[in-house]
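S.K.: Starting off with a structure, shown below.
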Amino acid sequence: MALMLTSVPGTNDIFAQSKEYPFREPVFRYIIQTAERVLRSSGAQMIYTPIFEYAEVLQKGVGVTSDIVVKKEMYTLEDRGGRVLGLRPEPTASIVRAYNQHGMKVWPQPVRLFTWGPMFRAERHQRGRYKQFHQVDYEALGSADPLVDAEAIALMVQIYRELGLKGLEVKLGSVGDPEDRVRYNDYLRGLFRPYAQALSEDSRVRLESNPMRILDSKSEADQRIVAEVGVKPMLEFLGPEARAFHERVAGYLEKLGVSFSIDPSIVRGLDYYVRTAWEIHHSRIGAKSALGGGGRYDGLSEMLGGPRVPGVGFGIGVERAALALEEERVQIPADPAPDLYLVPLDEAALLEALQIAQGLRPRFRVEMAYAPKNPRKGLEEALKKAARFAAFLGEGERQRGVVTLKNLHSGTQVEVSPAELAGHLA
Ligand code: HAM
């Protein structure tokens with residue numbers, strides 16, 4: 001017998017009965033629908049971009065010093081013409097590419113877009129970290145006003161609140177302007193060079209390319225060194241403009257009643273960020289794994305060959321939101337039970353049952369047994385499904401041109417013609 005084929009570890013099937021909570025389809029749907037409701041209420045519009053792009057769009061997007069590029073976390077493939085394509089590790093670059101490609105710069109600004117879907121990163125998988133995962137993503141393009149940053153953070157918090165999550169920690173920081181970062185990285189190089197040999201291999205590479213990333217290294221040895229050298233945070237290196245911008249975002253959030261703490265040393269994993277950067281963490285799903293994060297990326301469009309387009313946005317990890325819902329034991333709305341369960345009592349009633357079902361769908365939720373049942377067994381099945389009504393169709397019913405309809409809440413039973421069923425269900 002051939003070996004049964006299975007999925008790639010780090011990818012997941014998402015269905016109602018999954019043993020693992022984050023992969024239960026109703027949980028997944030609850031998160032996406034809640035996020036969509038909040039974002040649509042703000043006037044943001046849905047955009048679907050392809051899950052693959054020319055690799056350079058994605059690489060230039062996330063940046064050459066990001067883990068995604070340095071650690072070759074992007075899945076690539078070659079098309080028949082020999083062009084290298086990549087599966088998107090995140091959607092922001094694609095959305096900025098679409099903005100430029102479709103001339104959205106002449107629309108009223110900011111253009112506010114959202115999307116959701118699968119993302120792909122060849123990371124070592126563990127709880128909360130997968131090779132294929134899902135994000136809800138929001139982007140506001142074409143405004144450099146800190147009010148738009150505050151709105152993005154407030155919307156993100158609102159999504160988690162609407163989901164019913166409580167243990168949230170909003171950490172707001174700033175990665176400054178590019179010239180601030182040059183100064184900060186010089187400072188960090190000076191600080192860490194004497195420890196180069198003791199740093200992890202990844203951090204030795206980062207020491208030259210992007211020393212800020214050493215600060216959020218997952219290696220314990222690196223973390224010890226970071227604690228030992230007493231690093232001054234990025235926030236102390238902000239120039240006057242980036243500082244004023246940061247203070248305005250923080251001030252707006254206070255006025256909006258959004259609780260947050262200032263994280264002076266926030267580091268984001270993607271290169272495109274400038275100024276505002278934030279993460280939302282959850283008290284019970286581990287300090288190293290953010291529920292979601294976002295920030296401003298005013299230079300990204302130019303990196304993709306477009307005009308200057310300031311932008312700010314965020315990504316919410318759907319699986320991580322699910323883990324937080326599981327931790328907090330938030331009740332997810334149950335799928336509604338069937339209105340009607342049809343029980344054919346003989347072979348001849350099977351097609352008739354299906355005809356009745358199709359006549360009532362989609363106004364009512366109608367399910368049926370796909371093989372003849374005896375009435376007792378049929379009733380058992382209807383009760384197990386928690387249906388409101390069961391209808392029985394057999395030889396006697398056929399002759400009288402009726403079905404036997406049982407109200408499973410009150411226990412009453414009547415004979416009705418198929419045409420009258422809708423009236424009884426309503
Ligand atoms: P990010 O921080 O790389 O940002 O990802 C956002 C969220 O996606 C993370 O906080 C996490 O919840 C989830 N996530 C990331 N990688 C994985 C993984 N391997 N498995 C499970 N969940 C994961 C971005 O992607 C930016 N595009 C966000 C953004 C939008 N910034 C501006 N606009």
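FYI, nothing fancy with the structure tokens labels: chains A, B, ... in order, residues from 1 per chain, ligands from 1 as they appear.
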Neighbours of ligand 1 within 7 Å, counting only C-alpha atoms and all ligand atoms, as JSON, numbers by chain?

M.R.: {"A": [90, 91, 92, 121, 123, 128, 129, 130, 131, 132, 133, 134, 135, 137, 138, 139, 268, 269, 270, 289, 290, 291, 292, 293, 294, 295, 296, 297, 312, 313, 314, 315, 316, 317, 318, 319, 320]}

S.K.: For the residues in the current selection, export N, CA and C atoms as a compact mmCIF listing (two decimals), in the first residue's frame.

M.R.:
# COMPACT_ATOMS: atom_id res chain seq x y z
N GLU A 90 4.36 38.94 3.49
CA GLU A 90 3.51 39.98 4.11
C GLU A 90 2.88 40.76 2.96
N PRO A 91 1.77 41.46 3.19
CA PRO A 91 1.06 42.08 2.07
C PRO A 91 1.37 43.55 1.82
N THR A 92 2.11 44.19 2.71
CA THR A 92 2.27 45.65 2.61
C THR A 92 2.92 46.07 1.28
N ARG A 121 6.22 32.21 5.23
CA ARG A 121 7.60 32.46 5.67
C ARG A 121 8.22 31.13 6.06
N GLU A 123 9.99 29.78 8.17
CA GLU A 123 10.56 29.86 9.51
C GLU A 123 10.45 28.49 10.14
N GLY A 128 2.24 29.04 17.41
CA GLY A 128 2.11 30.45 17.08
C GLY A 128 3.01 30.92 15.94
N ARG A 129 3.82 30.04 15.40
CA ARG A 129 4.70 30.42 14.30
C ARG A 129 4.63 29.33 13.23
N TYR A 130 4.20 29.68 12.05
CA TYR A 130 3.95 28.69 11.02
C TYR A 130 4.57 29.12 9.69
N LYS A 131 4.67 28.15 8.79
CA LYS A 131 5.23 28.46 7.47
C LYS A 131 4.17 29.12 6.59
N GLN A 132 2.94 28.66 6.72
CA GLN A 132 1.81 29.40 6.14
C GLN A 132 0.94 29.86 7.30
N PHE A 133 0.74 31.16 7.38
CA PHE A 133 -0.12 31.70 8.44
C PHE A 133 -1.02 32.74 7.79
N HIS A 134 -1.86 33.37 8.58
CA HIS A 134 -2.81 34.33 7.99
C HIS A 134 -2.73 35.66 8.71
N GLN A 135 -2.92 36.71 7.96
CA GLN A 135 -2.95 38.05 8.54
C GLN A 135 -4.19 38.78 8.08
N ASP A 137 -4.72 42.69 7.38
CA ASP A 137 -3.77 43.79 7.17
C ASP A 137 -4.52 45.06 6.81
N TYR A 138 -4.07 46.17 7.35
CA TYR A 138 -4.70 47.48 7.06
C TYR A 138 -3.60 48.45 6.66
N GLU A 139 -3.83 49.25 5.62
CA GLU A 139 -2.86 50.25 5.20
C GLU A 139 -3.58 51.57 4.88
N ARG A 268 11.27 46.55 14.91
CA ARG A 268 10.38 45.74 14.08
C ARG A 268 11.25 44.93 13.12
N GLY A 269 10.71 43.79 12.68
CA GLY A 269 11.51 42.88 11.88
C GLY A 269 11.64 43.24 10.41
N LEU A 270 10.98 44.30 9.97
CA LEU A 270 11.04 44.65 8.55
C LEU A 270 11.77 45.98 8.40
N SER A 289 6.18 36.67 21.10
CA SER A 289 5.31 36.58 19.93
C SER A 289 4.19 37.60 20.03
N ALA A 290 4.32 38.61 19.20
CA ALA A 290 3.32 39.68 19.17
C ALA A 290 2.03 39.14 18.56
N LEU A 291 0.91 39.66 19.05
CA LEU A 291 -0.38 39.38 18.41
C LEU A 291 -0.40 40.04 17.03
N GLY A 292 0.22 41.22 16.99
CA GLY A 292 0.24 41.96 15.73
C GLY A 292 1.16 43.15 15.85
N GLY A 293 1.45 43.75 14.72
CA GLY A 293 2.34 44.91 14.77
C GLY A 293 2.15 45.78 13.55
N GLY A 294 2.68 46.98 13.65
CA GLY A 294 2.56 47.88 12.51
C GLY A 294 3.50 49.05 12.62
N GLY A 295 3.34 49.96 11.70
CA GLY A 295 4.19 51.13 11.72
C GLY A 295 4.08 51.92 10.44
N ARG A 296 4.86 52.98 10.40
CA ARG A 296 4.88 53.91 9.27
C ARG A 296 6.00 53.51 8.32
N TYR A 297 5.81 53.74 7.03
CA TYR A 297 6.81 53.30 6.03
C TYR A 297 6.87 54.30 4.87
N VAL A 312 1.07 54.15 6.52
CA VAL A 312 1.13 53.53 7.85
C VAL A 312 0.10 52.41 7.87
N GLY A 313 0.41 51.34 8.59
CA GLY A 313 -0.54 50.23 8.64
C GLY A 313 -0.15 49.19 9.66
N PHE A 314 -0.93 48.11 9.67
CA PHE A 314 -0.63 47.05 10.64
C PHE A 314 -1.02 45.68 10.10
N GLY A 315 -0.46 44.66 10.71
CA GLY A 315 -0.83 43.28 10.41
C GLY A 315 -1.21 42.57 11.70
N ILE A 316 -2.32 41.84 11.63
CA ILE A 316 -2.80 41.06 12.77
C ILE A 316 -2.61 39.59 12.44
N GLY A 317 -1.91 38.86 13.28
CA GLY A 317 -1.75 37.42 13.06
C GLY A 317 -3.03 36.71 13.47
N VAL A 318 -3.69 36.06 12.50
CA VAL A 318 -4.98 35.43 12.79
C VAL A 318 -4.81 34.25 13.76
N GLU A 319 -3.81 33.39 13.51
CA GLU A 319 -3.61 32.23 14.40
C GLU A 319 -3.26 32.69 15.81
N ARG A 320 -2.48 33.78 15.91
CA ARG A 320 -2.11 34.26 17.25
C ARG A 320 -3.31 34.86 17.96

S.K.: List every residue of stretch 104-274 of chain A that DSSP, applied to the backbone of this structure, places in alpha helix (DSSP H), and write the result as a ChimeraX atom specification.

M.R.: /A:146-163,178-192,201-209,220-229,240-256

S.K.: One number please: atom CA of A:Tyr272 to atom CA of A:Asp298, in Å, one decimal.

M.R.: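 Answer for the atom CA of A:Tyr272 to atom CA of A:Asp298 separation: 7.9 Å.
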
S.K.: I'd like the contact shell of A:Gly86 - 8 Å cut-off, only C-alpha atoms, skipping same-chain residues fewer than 3 positions apart - returned as number ranges by chain.

M.R.: A: 52-55, 58, 74-77

S.K.: Going by DSSP on the backbone, which bits of stretch 5-189 of chain A are strand (DSSP E)? Write them as a PyMOL selection string, please.

M.R.: chain A and resi 45-46+52-54+76-78+84-87+111-120+132-141+168-174

S.K.: A:Gln358: which residues within 12 Å, counting only C-alpha atoms, same-chain residues fewer than 5 positions away excluded, as an MDAnalysis selection string?

M.R.: chainID A and resid 340 342 351:353 363:368 418 422

S.K.: Filtering to N, CA and C atoms, could you give me those residues as a PDB file, in the first residue's frame?

M.R.:
ATOM      1  N   LEU A 340     -34.355  22.743   9.734  1.00  0.00           N
ATOM      2  CA  LEU A 340     -35.114  21.536   9.388  1.00  0.00           C
ATOM      3  C   LEU A 340     -34.162  20.387   9.069  1.00  0.00           C
ATOM      4  N   LEU A 342     -34.479  16.681   7.316  1.00  0.00           N
ATOM      5  CA  LEU A 342     -35.395  15.837   6.546  1.00  0.00           C
ATOM      6  C   LEU A 342     -35.002  14.370   6.687  1.00  0.00           C
ATOM      7  N   LEU A 351     -34.963  11.466  -3.203  1.00  0.00           N
ATOM      8  CA  LEU A 351     -34.955  12.585  -4.149  1.00  0.00           C
ATOM      9  C   LEU A 351     -35.973  13.648  -3.735  1.00  0.00           C
ATOM     10  N   GLU A 352     -37.121  13.174  -3.233  1.00  0.00           N
ATOM     11  CA  GLU A 352     -38.154  14.104  -2.782  1.00  0.00           C
ATOM     12  C   GLU A 352     -37.606  14.995  -1.655  1.00  0.00           C
ATOM     13  N   ALA A 353     -36.867  14.381  -0.734  1.00  0.00           N
ATOM     14  CA  ALA A 353     -36.265  15.138   0.380  1.00  0.00           C
ATOM     15  C   ALA A 353     -35.317  16.202  -0.161  1.00  0.00           C
ATOM     16  N   ARG A 363     -33.059  30.225   2.129  1.00  0.00           N
ATOM     17  CA  ARG A 363     -33.809  30.992   3.127  1.00  0.00           C
ATOM     18  C   ARG A 363     -33.719  30.301   4.486  1.00  0.00           C
ATOM     19  N   PHE A 364     -33.770  28.952   4.449  1.00  0.00           N
ATOM     20  CA  PHE A 364     -33.664  28.181   5.695  1.00  0.00           C
ATOM     21  C   PHE A 364     -32.448  27.265   5.619  1.00  0.00           C
ATOM     22  N   ARG A 365     -31.956  26.909   6.810  1.00  0.00           N
ATOM     23  CA  ARG A 365     -30.856  25.931   6.875  1.00  0.00           C
ATOM     24  C   ARG A 365     -31.490  24.551   6.915  1.00  0.00           C
ATOM     25  N   VAL A 366     -31.278  23.814   5.836  1.00  0.00           N
ATOM     26  CA  VAL A 366     -31.946  22.514   5.723  1.00  0.00           C
ATOM     27  C   VAL A 366     -30.923  21.422   5.472  1.00  0.00           C
ATOM     28  N   GLU A 367     -30.949  20.403   6.310  1.00  0.00           N
ATOM     29  CA  GLU A 367     -30.091  19.242   6.114  1.00  0.00           C
ATOM     30  C   GLU A 367     -30.963  18.009   5.990  1.00  0.00           C
ATOM     31  N   MET A 368     -30.366  16.926   5.521  1.00  0.00           N
ATOM     32  CA  MET A 368     -31.160  15.703   5.335  1.00  0.00           C
ATOM     33  C   MET A 368     -30.311  14.463   5.587  1.00  0.00           C
ATOM     34  N   PRO A 418     -45.744  19.901   1.332  1.00  0.00           N
ATOM     35  CA  PRO A 418     -44.410  20.508   1.168  1.00  0.00           C
ATOM     36  C   PRO A 418     -44.482  22.008   0.948  1.00  0.00           C
ATOM     37  N   ALA A 422     -42.441  26.134   4.357  1.00  0.00           N
ATOM     38  CA  ALA A 422     -41.766  27.411   4.599  1.00  0.00           C
ATOM     39  C   ALA A 422     -42.508  28.235   5.637  1.00  0.00           C
TER      40      ALA A 422
END

S.K.: So which residues touch A:Glu25 within 7 Å, counting only C-alpha atoms, skipping near sequence neighbours fewer than 4 positions away, as a PDB file with N, CA and C atoms, in the first residue's frame?

M.R.:
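Below you can see out_1.pdb, which holds the result:
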ATOM      1  N   ILE A  14      -7.612  24.062   8.052  1.00  0.00           N
ATOM      2  CA  ILE A  14      -8.487  24.801   8.959  1.00  0.00           C
ATOM      3  C   ILE A  14      -9.909  24.329   8.735  1.00  0.00           C
ATOM      4  N   PHE A  15     -10.465  23.634   9.735  1.00  0.00           N
ATOM      5  CA  PHE A  15     -11.828  23.088   9.612  1.00  0.00           C
ATOM      6  C   PHE A  15     -12.453  23.013  10.997  1.00  0.00           C
ATOM      7  N   ALA A  16     -13.774  22.921  10.994  1.00  0.00           N
ATOM      8  CA  ALA A  16     -14.521  23.084  12.261  1.00  0.00           C
ATOM      9  C   ALA A  16     -14.066  22.136  13.355  1.00  0.00           C
ATOM     10  N   ARG A  29     -13.050  32.260  11.246  1.00  0.00           N
ATOM     11  CA  ARG A  29     -14.056  33.111  10.601  1.00  0.00           C
ATOM     12  C   ARG A  29     -14.460  34.259  11.530  1.00  0.00           C
TER      13      ARG A  29
END

S.K.: Extract, using only C-alpha atoms, all DNA, RNA and protein residues at most 9 Å from A:Glu395, discarding same-chain residues fewer than 5 positions from it, and format them as JSON, numbers by chain.

M.R.: {"A": [345, 346, 348, 349, 400]}

S.K.: Take the residues from that selection and put them in a file with N, CA and C atoms, as a short mmCIF file (atom, residue, chain, number, x, y, z; two decimals), in the first residue's frame.

M.R.:
data_model
loop_
_atom_site.label_atom_id
_atom_site.label_comp_id
_atom_site.auth_asym_id
_atom_site.auth_seq_id
_atom_site.Cartn_x
_atom_site.Cartn_y
_atom_site.Cartn_z
N LEU A 345 -37.92 8.02 4.70
CA LEU A 345 -38.16 6.72 5.35
C LEU A 345 -37.98 5.56 4.39
N ASP A 346 -37.93 5.86 3.08
CA ASP A 346 -37.64 4.80 2.09
C ASP A 346 -36.84 5.40 0.93
N ALA A 348 -37.51 5.78 -2.18
CA ALA A 348 -38.26 6.68 -3.06
C ALA A 348 -38.30 8.10 -2.52
N ALA A 349 -38.13 8.27 -1.19
CA ALA A 349 -38.26 9.60 -0.57
C ALA A 349 -36.96 10.40 -0.63
N ARG A 400 -50.61 10.66 0.76
CA ARG A 400 -51.46 11.77 1.22
C ARG A 400 -50.95 13.13 0.74
#

S.K.: Of the candidates A:Glu302, A:Asp13, A:Glu247, A:Glu347, which shows the shortest atom-to-atom distance to A:Asp149, using only C-alpha atoms?

M.R.: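 Of the candidates, the smallest distance to A:Asp149 is held by A:Glu247.
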
S.K.: As an exercise, work out the distance from atom CA of A:Val274 to atom CA of A:Glu56 in Å and give it to one decimal place.

M.R.: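 So the answer is 20.8 Å.
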
S.K.: List the neighbours of stretch 146-148 of chain A out to 6 Å using only C-alpha atoms; skip same-chain residues closer than 2 positions along the sequence, and give me the result as a PyMOL selection string.

M.R.: chain A and resi 150-151+249

S.K.: Between A:Ile266, A:Leu113, A:Val8, A:Val70, which residue has the minimum interatomic distance to A:Ser203, considering only C-alpha atoms?

M.R.: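 For A:Ser203, the nearest of the given residues is A:Val70.
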
S.K.: Between A:Trp107, A:Phe120, A:Tyr195, A:Phe114, which one has atoms that come closest to A:Ile32, using only C-alpha atoms?

M.R.: A:Phe114

S.K.: Just give me the gap between atom CA of A:Pro372 and atom CA of A:Pro344 in Å, one decimal is fine.

M.R.: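 Answer for the atom CA of A:Pro372 to atom CA of A:Pro344 separation: 5.1 Å.
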
S.K.: Which residue gives the smallest distance to A:Met46 among A:Gly10, A:Gly117, A:Gly103, A:Pro26, with only C-alpha atoms counted?

M.R.: A:Gly117
